[in-house]
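Reproduced below: protein_20.cif, with mmCIF, C-alpha atoms and all ligand atoms.
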data_data
loop_
_atom_site.label_atom_id
_atom_site.label_comp_id
_atom_site.auth_asym_id
_atom_site.auth_seq_id
_atom_site.Cartn_x
_atom_site.Cartn_y
_atom_site.Cartn_z
CA MET A 1 15.09 18.82 -9.53
CA SER A 2 12.11 20.29 -7.64
CA LEU A 3 8.60 19.32 -8.65
CA ALA A 4 7.89 22.88 -9.80
CA ALA A 5 10.98 22.86 -12.02
CA SER A 6 10.11 19.49 -13.53
CA PHE A 7 6.61 20.72 -14.35
CA ALA A 8 8.10 23.68 -16.23
CA GLU A 9 9.71 21.21 -18.66
CA PRO A 10 7.77 20.54 -21.85
CA GLN A 11 6.19 17.09 -21.69
CA VAL A 12 4.43 15.14 -24.40
CA ALA A 13 1.70 13.45 -22.37
CA GLU A 14 -0.20 12.20 -25.41
CA ARG A 15 0.67 11.86 -29.08
CA VAL A 16 -2.06 11.37 -31.68
CA GLU A 17 -1.24 10.74 -35.33
CA VAL A 18 -3.47 12.02 -38.10
CA GLY A 19 -2.93 9.25 -40.66
CA LEU A 20 -2.81 10.94 -44.03
CA GLY A 21 -0.03 8.94 -45.68
CA ALA A 22 2.82 11.18 -46.79
CA ARG A 23 1.02 14.14 -45.19
CA ALA A 24 0.53 12.44 -41.80
CA TYR A 25 1.23 14.64 -38.80
CA ASP A 26 1.35 14.50 -35.03
CA ILE A 27 -0.82 16.19 -32.45
CA LEU A 28 1.32 16.57 -29.33
CA ILE A 29 -0.59 17.23 -26.10
CA GLY A 30 0.97 18.12 -22.77
CA PRO A 31 2.18 20.83 -20.38
CA GLY A 32 4.80 23.39 -21.36
CA LEU A 33 4.83 22.53 -25.07
CA LEU A 34 4.83 26.16 -26.27
CA ALA A 35 8.39 26.39 -24.95
CA SER A 36 9.41 23.61 -27.32
CA ALA A 37 7.95 25.26 -30.45
CA GLY A 38 11.35 26.45 -31.68
CA GLU A 39 13.16 23.12 -31.64
CA ARG A 40 10.15 21.31 -33.16
CA ILE A 41 9.76 23.82 -35.99
CA ALA A 42 13.52 23.85 -36.62
CA ALA A 43 13.27 20.06 -36.98
CA LEU A 44 10.85 20.65 -39.87
CA GLY A 45 13.66 22.46 -41.70
CA ALA A 46 12.19 25.99 -41.60
CA ARG A 47 14.53 28.99 -41.27
CA THR A 48 11.97 31.71 -40.58
CA VAL A 49 8.62 31.53 -38.79
CA GLY A 50 5.66 33.81 -39.46
CA VAL A 51 3.78 33.85 -36.17
CA VAL A 52 0.09 34.80 -36.35
CA THR A 53 -1.67 35.46 -33.07
CA ASP A 54 -4.33 37.66 -31.47
CA GLU A 55 -4.03 40.47 -28.95
CA ASN A 56 -5.04 38.40 -25.89
CA VAL A 57 -2.81 35.47 -26.67
CA ALA A 58 0.09 37.75 -27.61
CA ARG A 59 -0.07 39.39 -24.19
CA LEU A 60 -0.07 36.06 -22.36
CA HIS A 61 1.92 33.55 -24.41
CA LEU A 62 3.85 35.16 -27.27
CA ALA A 63 7.02 35.85 -25.25
CA THR A 64 7.37 32.11 -24.43
CA VAL A 65 7.08 31.21 -28.10
CA GLU A 66 9.40 33.95 -29.36
CA ARG A 67 12.04 32.95 -26.77
CA SER A 68 11.80 29.37 -27.95
CA LEU A 69 12.10 30.34 -31.64
CA ALA A 70 15.12 32.52 -30.92
CA ALA A 71 16.79 29.79 -28.83
CA ALA A 72 16.39 27.40 -31.77
CA GLY A 73 18.15 29.88 -34.05
CA LEU A 74 15.04 30.65 -36.09
CA GLY A 75 14.19 34.05 -37.52
CA PHE A 76 10.64 35.17 -36.84
CA SER A 77 8.15 37.92 -37.40
CA THR A 78 4.76 38.28 -35.72
CA VAL A 79 1.41 39.50 -37.04
CA THR A 80 -1.15 40.22 -34.30
CA VAL A 81 -4.88 40.56 -35.08
CA PRO A 82 -7.72 41.70 -32.80
CA ALA A 83 -9.28 38.86 -30.78
CA GLY A 84 -12.67 37.49 -31.82
CA GLU A 85 -14.70 36.09 -34.70
CA PRO A 86 -14.80 39.33 -36.77
CA SER A 87 -11.07 38.75 -37.49
CA LYS A 88 -12.08 35.90 -39.82
CA SER A 89 -12.57 38.47 -42.59
CA PHE A 90 -11.06 39.38 -45.97
CA GLY A 91 -9.61 42.56 -44.41
CA ARG A 92 -7.67 40.70 -41.70
CA LEU A 93 -6.65 37.96 -44.14
CA SER A 94 -5.15 40.58 -46.39
CA GLU A 95 -3.24 42.13 -43.46
CA VAL A 96 -1.92 38.75 -42.35
CA VAL A 97 -0.80 37.73 -45.84
CA ASP A 98 0.85 41.10 -46.34
CA GLY A 99 2.67 40.78 -43.00
CA LEU A 100 3.94 37.32 -43.93
CA LEU A 101 5.10 38.50 -47.35
CA ALA A 102 6.82 41.53 -45.77
CA ALA A 103 8.66 39.09 -43.47
CA ARG A 104 9.76 37.17 -46.60
CA ILE A 105 8.28 33.90 -45.39
CA GLU A 106 9.45 31.44 -48.04
CA ARG A 107 7.86 28.22 -49.29
CA GLY A 108 10.15 26.16 -47.04
CA ASP A 109 9.28 28.22 -43.97
CA VAL A 110 6.43 27.85 -41.49
CA VAL A 111 3.40 29.87 -40.47
CA LEU A 112 2.74 29.35 -36.76
CA ALA A 113 -0.90 29.82 -35.70
CA LEU A 114 -0.72 30.72 -32.01
CA GLY A 115 -4.20 31.14 -30.55
CA GLY A 116 -7.76 29.89 -30.59
CA GLY A 117 -9.81 28.70 -33.52
CA VAL A 118 -10.12 32.15 -35.03
CA VAL A 119 -6.35 32.50 -35.36
CA GLY A 120 -6.05 28.86 -36.43
CA ASP A 121 -8.60 29.23 -39.23
CA LEU A 122 -7.26 32.62 -40.37
CA ALA A 123 -3.55 31.77 -40.22
CA GLY A 124 -4.17 28.33 -41.71
CA PHE A 125 -5.94 29.89 -44.69
CA ALA A 126 -3.18 32.51 -45.06
CA ALA A 127 -0.63 29.66 -45.13
CA ALA A 128 -2.73 27.81 -47.72
CA ILE A 129 -2.68 30.73 -50.17
CA LEU A 130 0.71 32.28 -49.40
CA ARG A 131 3.05 31.56 -52.34
CA ARG A 132 0.41 28.87 -53.21
CA GLY A 133 1.05 27.01 -49.98
CA VAL A 134 3.40 27.25 -47.02
CA ARG A 135 3.47 24.78 -44.14
CA CYS A 136 1.45 25.62 -41.06
CA VAL A 137 2.07 24.57 -37.47
CA GLN A 138 -0.93 24.94 -35.20
CA ALA A 139 -0.30 25.93 -31.56
CA PRO A 140 -3.88 25.96 -30.23
CA THR A 141 -4.35 27.86 -26.96
CA SER A 142 -8.12 27.51 -26.38
CA LEU A 143 -9.85 24.27 -25.42
CA LEU A 144 -11.90 24.45 -28.60
CA ALA A 145 -8.80 24.78 -30.73
CA GLN A 146 -7.00 21.95 -28.90
CA VAL A 147 -9.85 19.48 -29.36
CA ASP A 148 -11.09 20.51 -32.78
CA SER A 149 -10.07 23.45 -34.94
CA SER A 150 -6.29 22.83 -34.98
CA VAL A 151 -6.86 19.32 -36.35
CA GLY A 152 -8.09 18.30 -39.78
CA GLY A 153 -7.08 21.13 -42.07
CA LYS A 154 -10.32 23.10 -42.43
CA THR A 155 -9.19 26.72 -42.71
CA GLY A 156 -11.01 29.85 -43.75
CA ILE A 157 -12.88 33.05 -43.08
CA ASN A 158 -16.50 34.16 -42.87
CA SER A 159 -18.57 35.99 -45.48
CA VAL A 160 -21.44 38.36 -44.80
CA ARG A 161 -23.44 35.55 -46.44
CA GLY A 162 -22.39 32.95 -43.90
CA LYS A 163 -19.89 31.20 -41.72
CA ASN A 164 -16.61 29.74 -43.07
CA LEU A 165 -17.79 30.16 -46.66
CA ILE A 166 -14.34 31.06 -48.03
CA GLY A 167 -11.44 28.75 -47.31
CA ALA A 168 -9.31 25.78 -48.17
CA PHE A 169 -8.33 22.40 -46.83
CA HIS A 170 -4.73 22.83 -45.69
CA GLN A 171 -3.47 20.27 -43.20
CA PRO A 172 -0.98 21.43 -40.58
CA SER A 173 2.46 19.85 -40.38
CA LEU A 174 2.30 19.62 -36.59
CA VAL A 175 -0.11 20.48 -33.79
CA LEU A 176 1.32 21.56 -30.43
CA ALA A 177 -1.39 21.61 -27.77
CA ASP A 178 0.12 23.06 -24.60
CA VAL A 179 -2.44 22.33 -21.88
CA ASP A 180 -0.85 24.92 -19.57
CA ALA A 181 -2.15 27.63 -21.93
CA LEU A 182 -5.68 26.71 -20.80
CA ASP A 183 -4.88 28.11 -17.33
CA THR A 184 -5.33 31.65 -18.70
CA LEU A 185 -8.44 30.93 -20.79
CA PRO A 186 -11.58 32.79 -19.56
CA PRO A 187 -14.26 30.44 -18.09
CA ARG A 188 -16.82 31.30 -20.79
CA GLU A 189 -14.33 30.26 -23.50
CA LEU A 190 -13.47 27.04 -21.67
CA ARG A 191 -17.18 26.19 -21.46
CA ALA A 192 -17.74 26.95 -25.14
CA GLY A 193 -14.83 24.72 -26.17
CA TYR A 194 -16.30 21.93 -24.05
CA ALA A 195 -19.30 21.75 -26.39
CA GLU A 196 -17.01 20.33 -29.09
CA VAL A 197 -15.66 17.74 -26.60
CA VAL A 198 -19.22 16.59 -25.83
CA LYS A 199 -19.82 16.43 -29.60
CA TYR A 200 -17.43 13.47 -30.01
CA GLY A 201 -19.38 11.47 -27.43
CA LEU A 202 -22.66 12.30 -29.12
CA ILE A 203 -21.42 11.35 -32.59
CA ASP A 204 -20.33 7.77 -31.99
CA ASP A 205 -18.82 7.28 -28.54
CA PRO A 206 -21.52 6.81 -25.87
CA ALA A 207 -18.90 5.53 -23.39
CA PHE A 208 -16.98 8.82 -23.71
CA PHE A 209 -20.22 10.77 -23.16
CA ALA A 210 -20.94 8.70 -20.03
CA TRP A 211 -17.34 9.28 -18.85
CA LEU A 212 -17.86 13.04 -19.26
CA GLU A 213 -21.24 12.91 -17.51
CA ALA A 214 -19.59 11.22 -14.54
CA ARG A 215 -16.79 13.84 -14.50
CA PRO A 216 -18.39 17.17 -15.52
CA ARG A 217 -15.26 19.03 -14.35
CA ALA A 218 -12.82 16.81 -16.29
CA ALA A 219 -11.98 19.30 -19.03
CA PHE A 220 -12.31 22.32 -16.77
CA GLU A 221 -9.45 21.66 -14.37
CA PRO A 222 -5.77 20.91 -14.99
CA GLY A 223 -4.77 17.28 -14.69
CA GLN A 224 -4.88 13.83 -16.24
CA ASP A 225 -8.65 13.85 -16.88
CA ARG A 226 -8.36 17.02 -18.93
CA ILE A 227 -5.50 15.58 -20.97
CA ARG A 228 -7.53 12.41 -21.48
CA ALA A 229 -10.57 14.41 -22.65
CA ILE A 230 -8.42 16.37 -25.12
CA ALA A 231 -6.62 13.28 -26.44
CA THR A 232 -9.87 11.30 -26.81
CA SER A 233 -11.36 14.20 -28.77
CA CYS A 234 -8.29 14.49 -31.01
CA ARG A 235 -8.24 10.72 -31.64
CA ALA A 236 -11.91 10.80 -32.63
CA LYS A 237 -11.37 13.69 -35.02
CA ALA A 238 -8.12 12.28 -36.43
CA ALA A 239 -9.87 9.00 -37.27
CA VAL A 240 -12.68 10.74 -39.17
CA VAL A 241 -10.29 13.07 -41.02
CA ALA A 242 -8.03 10.17 -42.01
CA ARG A 243 -10.92 8.36 -43.71
CA ASP A 244 -12.68 11.40 -45.24
CA GLU A 245 -10.33 14.37 -45.44
CA HIS A 246 -12.47 16.48 -47.77
CA GLU A 247 -15.91 15.75 -46.30
CA THR A 248 -17.30 13.75 -49.16
CA GLY A 249 -18.88 11.35 -46.65
CA ASP A 250 -18.97 10.89 -42.92
CA ARG A 251 -16.64 13.78 -41.99
CA ALA A 252 -19.97 15.65 -42.07
CA LEU A 253 -20.68 13.97 -38.70
CA LEU A 254 -18.22 16.47 -37.16
CA ASN A 255 -20.80 19.08 -38.13
CA LEU A 256 -23.28 17.80 -35.52
CA GLY A 257 -24.98 20.92 -34.13
CA HIS A 258 -23.40 23.20 -36.72
CA THR A 259 -26.25 23.56 -39.24
CA PHE A 260 -28.30 25.24 -36.53
CA GLY A 261 -25.27 26.73 -34.70
CA HIS A 262 -23.77 28.46 -37.73
CA ALA A 263 -27.17 29.94 -38.63
CA LEU A 264 -27.40 31.36 -35.09
CA GLU A 265 -23.86 32.80 -35.30
CA ALA A 266 -24.65 34.44 -38.64
CA ASP A 267 -27.91 35.74 -37.23
CA VAL A 268 -26.12 37.63 -34.41
CA ALA A 269 -23.60 38.87 -37.00
CA TYR A 270 -20.72 37.08 -35.18
CA ASP A 271 -21.21 39.31 -32.13
CA GLY A 272 -19.23 37.41 -29.50
CA ALA A 273 -20.91 39.33 -26.68
CA ARG A 274 -24.12 37.45 -27.62
CA LEU A 275 -22.91 34.11 -28.93
CA ILE A 276 -19.59 32.39 -29.53
CA HIS A 277 -19.03 29.34 -31.71
CA GLY A 278 -19.04 26.69 -28.98
CA GLU A 279 -22.22 28.10 -27.47
CA GLY A 280 -23.83 27.96 -30.91
CA VAL A 281 -22.71 24.33 -31.20
CA ALA A 282 -24.18 23.50 -27.76
CA ILE A 283 -27.53 25.01 -28.75
CA GLY A 284 -27.28 23.38 -32.17
CA MET A 285 -26.58 19.90 -30.76
CA ALA A 286 -29.50 20.17 -28.33
CA MET A 287 -31.65 21.27 -31.28
CA ALA A 288 -30.41 18.40 -33.46
CA PHE A 289 -31.44 15.93 -30.73
CA ARG A 290 -34.84 17.61 -30.22
CA PHE A 291 -35.37 17.63 -33.99
CA SER A 292 -34.48 13.92 -34.10
CA VAL A 293 -37.04 13.26 -31.34
CA SER A 294 -39.69 15.21 -33.24
CA LEU A 295 -39.03 13.07 -36.32
CA GLY A 296 -39.54 9.93 -34.24
CA LEU A 297 -35.88 8.91 -34.60
CA CYS A 298 -34.47 9.39 -31.11
CA PRO A 299 -35.73 8.48 -27.63
CA PRO A 300 -36.75 11.67 -25.77
CA GLU A 301 -34.71 10.50 -22.72
CA ASP A 302 -31.50 10.77 -24.78
CA ALA A 303 -32.28 14.35 -25.85
CA ALA A 304 -33.04 15.21 -22.23
CA ARG A 305 -29.71 13.67 -21.14
CA VAL A 306 -27.84 15.80 -23.68
CA GLU A 307 -29.57 18.97 -22.44
CA ARG A 308 -28.93 18.04 -18.79
CA HIS A 309 -25.21 17.56 -19.33
CA LEU A 310 -24.73 20.74 -21.36
CA GLU A 311 -26.72 22.74 -18.82
CA ALA A 312 -24.81 21.17 -15.91
CA VAL A 313 -21.63 22.85 -17.16
CA GLY A 314 -23.41 26.14 -17.88
CA LEU A 315 -23.88 25.83 -21.65
CA PRO A 316 -27.05 27.12 -23.36
CA THR A 317 -29.38 24.62 -25.07
CA SER A 318 -32.04 26.85 -26.64
CA PRO A 319 -31.89 29.70 -29.16
CA LYS A 320 -34.10 31.59 -26.72
CA ALA A 321 -31.11 31.79 -24.34
CA ILE A 322 -29.23 34.09 -26.74
CA PRO A 323 -29.19 37.64 -25.32
CA GLY A 324 -31.30 39.92 -27.50
CA GLY A 325 -33.02 36.92 -29.13
CA VAL A 326 -32.66 35.84 -32.74
CA GLY A 327 -34.57 36.43 -35.97
CA SER A 328 -37.62 34.51 -37.14
CA ALA A 329 -37.66 30.86 -38.16
CA ASP A 330 -37.72 31.98 -41.80
CA VAL A 331 -34.61 34.12 -41.29
CA LEU A 332 -32.73 31.25 -39.62
CA PHE A 333 -33.89 28.86 -42.35
CA GLY A 334 -32.49 31.35 -44.87
CA HIS A 335 -29.07 31.30 -43.14
CA MET A 336 -29.15 27.50 -43.19
CA GLN A 337 -29.45 27.51 -47.00
CA GLN A 338 -25.81 28.70 -47.14
CA ASP A 339 -24.59 25.64 -45.21
CA LYS A 340 -21.76 23.88 -47.06
CA LYS A 341 -23.56 20.57 -46.75
CA VAL A 342 -26.40 21.80 -49.00
CA SER A 343 -26.54 19.59 -52.07
CA ARG A 344 -28.80 20.12 -55.10
CA GLY A 345 -30.49 22.82 -53.06
CA ARG A 346 -31.36 20.46 -50.21
CA LEU A 347 -30.19 20.72 -46.63
CA THR A 348 -28.20 17.93 -45.03
CA PHE A 349 -28.72 17.43 -41.29
CA ILE A 350 -26.72 15.50 -38.74
CA LEU A 351 -29.40 13.71 -36.73
CA ALA A 352 -29.27 11.11 -33.97
CA ARG A 353 -30.94 7.81 -33.19
CA GLY A 354 -29.59 8.22 -29.67
CA ILE A 355 -26.45 9.26 -27.79
CA GLY A 356 -23.46 8.08 -29.83
CA ARG A 357 -25.71 7.16 -32.76
CA SER A 358 -25.48 10.21 -35.04
CA PHE A 359 -25.92 9.94 -38.78
CA VAL A 360 -25.96 12.06 -41.91
CA ALA A 361 -29.52 12.69 -43.16
CA LYS A 362 -30.02 14.03 -46.69
CA ASP A 363 -33.73 13.35 -47.00
CA VAL A 364 -35.23 15.60 -44.32
CA ASP A 365 -38.46 17.31 -45.34
CA PRO A 366 -37.69 21.08 -45.43
CA ALA A 367 -41.23 21.81 -44.21
CA ALA A 368 -40.54 19.68 -41.11
CA ALA A 369 -37.32 21.62 -40.47
CA LEU A 370 -39.08 24.97 -40.79
CA ALA A 371 -41.94 23.85 -38.54
CA PHE A 372 -39.35 22.66 -35.97
CA LEU A 373 -37.61 26.07 -36.05
CA LYS A 374 -40.95 27.78 -35.49
CA ARG A 375 -41.60 25.61 -32.42
CA GLU A 376 -38.08 26.30 -31.11
CA LEU A 377 -38.61 30.06 -31.29
CA ALA A 378 -42.25 30.16 -30.13
N1 LIG A 401 -11.26 24.56 -38.58
C1 LIG A 401 -12.02 23.79 -37.81
O1 LIG A 401 -12.08 22.58 -37.96
C2 LIG A 401 -12.80 24.43 -36.72
C3 LIG A 401 -13.36 23.63 -35.71
C4 LIG A 401 -14.07 24.25 -34.70
C5 LIG A 401 -14.17 25.63 -34.65
N2 LIG A 401 -13.60 26.37 -35.61
C6 LIG A 401 -13.61 27.82 -35.55
O2 LIG A 401 -12.92 28.21 -34.37
C7 LIG A 401 -13.40 29.47 -33.95
C8 LIG A 401 -13.66 29.43 -32.46
O3 LIG A 401 -12.45 29.15 -31.81
P1 LIG A 401 -12.23 29.58 -30.28
O4 LIG A 401 -13.40 29.17 -29.48
O5 LIG A 401 -10.89 29.13 -29.90
O6 LIG A 401 -12.33 31.15 -30.39
P2 LIG A 401 -11.21 32.30 -30.42
O7 LIG A 401 -10.11 31.96 -31.31
O8 LIG A 401 -11.96 33.57 -30.63
O9 LIG A 401 -10.65 32.28 -28.94
C9 LIG A 401 -11.52 32.53 -27.88
C10 LIG A 401 -11.08 33.73 -27.03
O10 LIG A 401 -10.11 33.26 -26.11
C11 LIG A 401 -8.90 34.01 -26.23
N3 LIG A 401 -7.83 33.07 -25.95
C12 LIG A 401 -7.41 32.04 -26.72
N4 LIG A 401 -6.48 31.33 -26.05
C13 LIG A 401 -6.32 31.93 -24.85
C14 LIG A 401 -5.53 31.65 -23.72
N5 LIG A 401 -4.75 30.58 -23.65
N6 LIG A 401 -5.61 32.50 -22.66
C15 LIG A 401 -6.45 33.57 -22.69
N7 LIG A 401 -7.23 33.87 -23.72
C16 LIG A 401 -7.17 33.04 -24.79
C17 LIG A 401 -8.92 34.60 -27.60
O11 LIG A 401 -8.15 35.78 -27.65
C18 LIG A 401 -10.41 34.88 -27.78
O12 LIG A 401 -10.74 36.08 -27.14
C19 LIG A 401 -14.65 29.76 -34.74
O13 LIG A 401 -14.35 30.69 -35.73
C20 LIG A 401 -14.98 28.42 -35.35
O14 LIG A 401 -15.67 28.55 -36.57
C21 LIG A 401 -12.92 25.80 -36.64
O1 LIG A 402 -13.58 19.60 -38.96
C1 LIG A 402 -14.75 19.50 -39.32
O2 LIG A 402 -15.06 18.87 -40.34
C2 LIG A 402 -15.83 20.15 -38.55
O3 LIG A 402 -16.96 20.20 -39.00
C3 LIG A 402 -15.48 20.72 -37.22
C4 LIG A 402 -16.39 21.83 -36.76
O4 LIG A 402 -16.35 21.84 -35.34
C5 LIG A 402 -15.94 23.21 -37.21
O5 LIG A 402 -16.69 24.21 -36.58
C6 LIG A 402 -15.86 23.43 -38.70
O6 LIG A 402 -15.20 24.63 -39.00
C7 LIG A 402 -17.22 23.52 -39.32
O7 LIG A 402 -17.06 23.24 -40.66
P1 LIG A 402 -17.93 23.90 -41.80
O8 LIG A 402 -17.49 23.15 -43.00
O9 LIG A 402 -19.37 23.69 -41.46
O10 LIG A 402 -17.57 25.34 -41.84
ZN ZN A 403 -17.25 23.67 -34.54
#
Would it be possible to restate this file's structure as structure tokens?
Amino acid sequence: MSLAASFAEPQVAERVEVGLGARAYDILIGPGLLASAGERIAALGARTVGVVTDENVARLHLATVERSLAAAGLGFSTVTVPAGEPSKSFGRLSEVVDGLLAARIERGDVVLALGGGVVGDLAGFAAAILRRGVRCVQAPTSLLAQVDSSVGGKTGINSVRGKNLIGAFHQPSLVLADVDALDTLPPRELRAGYAEVVKYGLIDDPAFFAWLEARPRAAFEPGQDRIRAIATSCRAKAAVVARDEHETGDRALLNLGHTFGHALEADVAYDGARLIHGEGVAIGMAMAFRFSVSLGLCPPEDAARVERHLEAVGLPTSPKAIPGGVGSADVLFGHMQQDKKVSRGRLTFILARGIGRSFVAKDVDPAAALAFLKRELA
């Protein structure tokens, strides 16, 4: 067999288990895996598959998946939504659920989320509420979705009052991360997804952060380093999810950068031309480190190192980098009050004592946070 032909074969390069007892599932990572979707879903015992995807991904990757489902003898029906964050809405959710019901997706069947994090969150939530719960298989096609959103079962949509405020925990039955799909991902999206890769290093893995610093192209080019970066990220997330599925404790660490980032996304009204999720996370992580420095918790050199690495790959690190600017500190602070980590009316922050030394802080003085926001926007 020629090398080209052998590369066309689906390969599981890495397998990561999310250890949730009877609900444990695999994350399979490797080239060509979309072409194996049919046989893998058939092995779950489904008869019909409700595919949910977006317009970009449908154009590029849906035919491969549909061929694979047909070859495995599965019935299928596809619902396609517009690409982008505004699809995480009640309107689109209603369309998706209606499409799945029209296709008579039964409780024993499978909803297949084929796309980035928007499709994953939307389709995952549709699966959670359809007939009170249908299994979901995640086939993430963006870097962000492969390293983060397809894993861990957080699903949902946005509200005009804030990001991801309506949703459910609904773990997938399988995650199929086909690294070949990343070949068609636009560079800006690849960069944004990389912010969530860096996040795992910053939370509790300084060696991974140093590995990424030494190989700033690792996740950006096909090959073993990219697969290693994805698998390391998935292992980190799987470990946190296995010990705190419903975020009653240290799953909140996965929110590093998100208290600020989500407020920025809400502030631009989810306008992807100005800010996409991963960019918000990059800015938010840099802010979390600067805030930690200002509170005397983190050495300034570590915050500078974080900024340097994010900027080296072309990610923004300041809210001032957002085209068109953002609202006042008071407006951003208002968005932050809707954060899901708010408890008894108080904000929870993910702060850092250094790279790889993040922690959950529930006792931050709100006046200090507001003063920090004012300095950030001055
Ligand atoms: N549930 C979670 O745990 C979790 C974790 C992180 C992020 N998220 C959510 O994920 C969303 C962001 O996900 P995202 O960055 O993947 O955004 P996205 O789903 O909007 O995808 C990014 C863009 O890339 C396109 N695209 C996706 N795969 C492609 C491919 N292979 N080739 C060409 N184009 C492709 C999409 O059509 C879209 O235009 C946000 O809504 C965020 O809140 C959820
Ligand atoms: O899985 C988690 O837990 C995360 O926090 C991962 C984040 O990257 C992701 O953006 C998540 O959707 C944010 O969660 P939220 O509860 O703040 O909406
Ligand atoms: Zn995120």
Q: Calculate how many Å separate atom CA of Glu247 of chain A from atom C1 of ligand LIG 401 (chain A), rounding to one decimal.
A: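 If I compute the distance from atom CA of Glu247 of chain A to atom C1 of ligand LIG 401 (chain A), I get 12.3 Å.
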(Q) Would you pick out the contacts of segment 124-135 of chain A at 6 Å or less, using only C-alpha atoms, so that residues sharing its chain but fewer than 6 positions from it are not included, and give the list as a VMD selection string? (A) chain A and resid 97 107 110 155 to 156 170
Q.
Could you list, as a count of residues only, all protein and nucleic acid residues with an atom at most 7 Å from ligand ZN 403 (chain A), counting all atoms listed in the file?
A. 6
Q: Please write out the residues within 6 Å of ligand LIG 401 (chain A) as an MDAnalysis selection string, counting all atoms listed in the file.
A: chainID A and resid 54 56:57 83:85 115:119 121 141:142 144:145 148:149 154:155 181:182 184:185 189 193 277
Writing out the chosen residues with C-alpha atoms as a compact mmCIF listing (two decimals), in the frame of the given file:
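Resulting contents of part.txt:
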# COMPACT_ATOMS: atom_id res chain seq x y z
CA ASP A 54 -4.33 37.66 -31.47
CA ASN A 56 -5.04 38.40 -25.89
CA VAL A 57 -2.81 35.47 -26.67
CA ALA A 83 -9.28 38.86 -30.78
CA GLY A 84 -12.67 37.49 -31.82
CA GLU A 85 -14.70 36.09 -34.70
CA GLY A 115 -4.20 31.14 -30.55
CA GLY A 116 -7.76 29.89 -30.59
CA GLY A 117 -9.81 28.70 -33.52
CA VAL A 118 -10.12 32.15 -35.03
CA VAL A 119 -6.35 32.50 -35.36
CA ASP A 121 -8.60 29.23 -39.23
CA THR A 141 -4.35 27.86 -26.96
CA SER A 142 -8.12 27.51 -26.38
CA LEU A 144 -11.90 24.45 -28.60
CA ALA A 145 -8.80 24.78 -30.73
CA ASP A 148 -11.09 20.51 -32.78
CA SER A 149 -10.07 23.45 -34.94
CA LYS A 154 -10.32 23.10 -42.43
CA THR A 155 -9.19 26.72 -42.71
CA ALA A 181 -2.15 27.63 -21.93
CA LEU A 182 -5.68 26.71 -20.80
CA THR A 184 -5.33 31.65 -18.70
CA LEU A 185 -8.44 30.93 -20.79
CA GLU A 189 -14.33 30.26 -23.50
CA GLY A 193 -14.83 24.72 -26.17
CA HIS A 277 -19.03 29.34 -31.71
Q | Contacts of segment 65-77 of chain A within 7 Å, all atoms listed in the file, excl. fewer than 3 positions in-chain, as a PyMOL selection string | A | chain A and resi 34-39+42+47-51+61-62+103
Q.
Under the rule that only C-alpha atoms are counted, which of A:Ala369, A:Leu100, A:Ala210, A:Leu60 is the nearest residue to Thr78 of chain A?
A.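 Looking only at the distances to Thr78 of chain A, the closest residue turns out to be A:Leu100.
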**Q.** Option closest in space to Gly261 of chain A, from A:Ser294, A:Ser318, A:Ser94, A:Thr53 [counting only C-alpha atoms]
**A.**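 Closest to Gly261 of chain A of all the choices is A:Ser318.
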Is it possible to get the axis-aligned box enclosing ligand LIG 402 (chain A) (all listed atoms, 4 Å extra per side) as AutoDock Vina command-line options, with centre and edge lengths in Å rounded to one decimal?
--center_x -16.5 --center_y 22.1 --center_z -39.2 --size_x 13.8 --size_y 14.5 --size_z 15.7
Q.
Using all atoms listed in the file, which protein or nucleic acid residues come within 8 Å of Asp339 of chain A? Drop anything in the same chain fewer than 4 positions from it, and give the result as a VMD selection string.
A. chain A and resid 162 259 335 347
Q: Considering all atoms listed in the file, return as a list in words whatever protein or nucleic-acid residues lie within 10 Å of Lys320 of chain A, sequence-local ones (same chain, fewer than 3 positions apart) excluded.
A: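 Those residues are Ile283, Pro316, Thr317, Pro323, Gly324, Gly325, Val326, Glu376, Leu377 and Ala378 of chain A.
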(Q) List as JSON, numbers by chain the protein and nucleic acid residues near Ile27 of chain A, meaning an atom at most 8 Å away when only C-alpha atoms are counted, but skip any in the same chain fewer than 5 places from it. (A) {"A": [15, 16, 17, 18, 151, 174, 175, 176, 177, 234]}
Q: Name the closest residue to Val293 of chain A among the candidates A:Gly354, A:Gly314, A:Val147, A:Gly45; distances are taken between atoms, counting only C-alpha atoms.
A: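 For Val293 of chain A, the nearest of the candidates is A:Gly354.
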Q | Nearest to ligand LIG 402 (chain A) by atom-to-atom distance, counting only C-alpha atoms and all ligand atoms, from A:Val364, A:Val306, A:Leu165, A:Leu315 | A | A:Leu165
Q: Take the point (2.4, 24.0, -36.9) as written in the file and pick out every residue within 6 Å of it, counting only C-alpha atoms; give the list as a list in words.
A: Leu112, Cys136, Val137, Gln138, Pro172, Ser173, Leu174 and Val175 of chain A
Q) Quick one, how far is atom CA of Val81 of chain A from atom CA of Glu95 of chain A? A)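 Computing it gives 8.7 Å between the two atoms.
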Q.
Restricting the calculation to only C-alpha atoms: of A:Arg346, A:Arg235, A:Arg92, A:Arg188, which residue gets closest to Asp365 of chain A?
A.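 So, comparing all the options, the nearest one is A:Arg346.
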Q: Around the point (-14.3, 17.7, -44.1), in the coordinates given by the file, pick out the residues reaching within 9 Å, counting only C-alpha atoms, and return them as a ChimeraX atom specification.
A: /A:152-154,169,240-241,244-252,254-255
Q: Have a look at A:Leu295, A:Ile203, A:Ala286, A:Ile227 and name the one nearest to ligand LIG 402 (chain A); count all atoms listed in the file.
A: A:Ile203
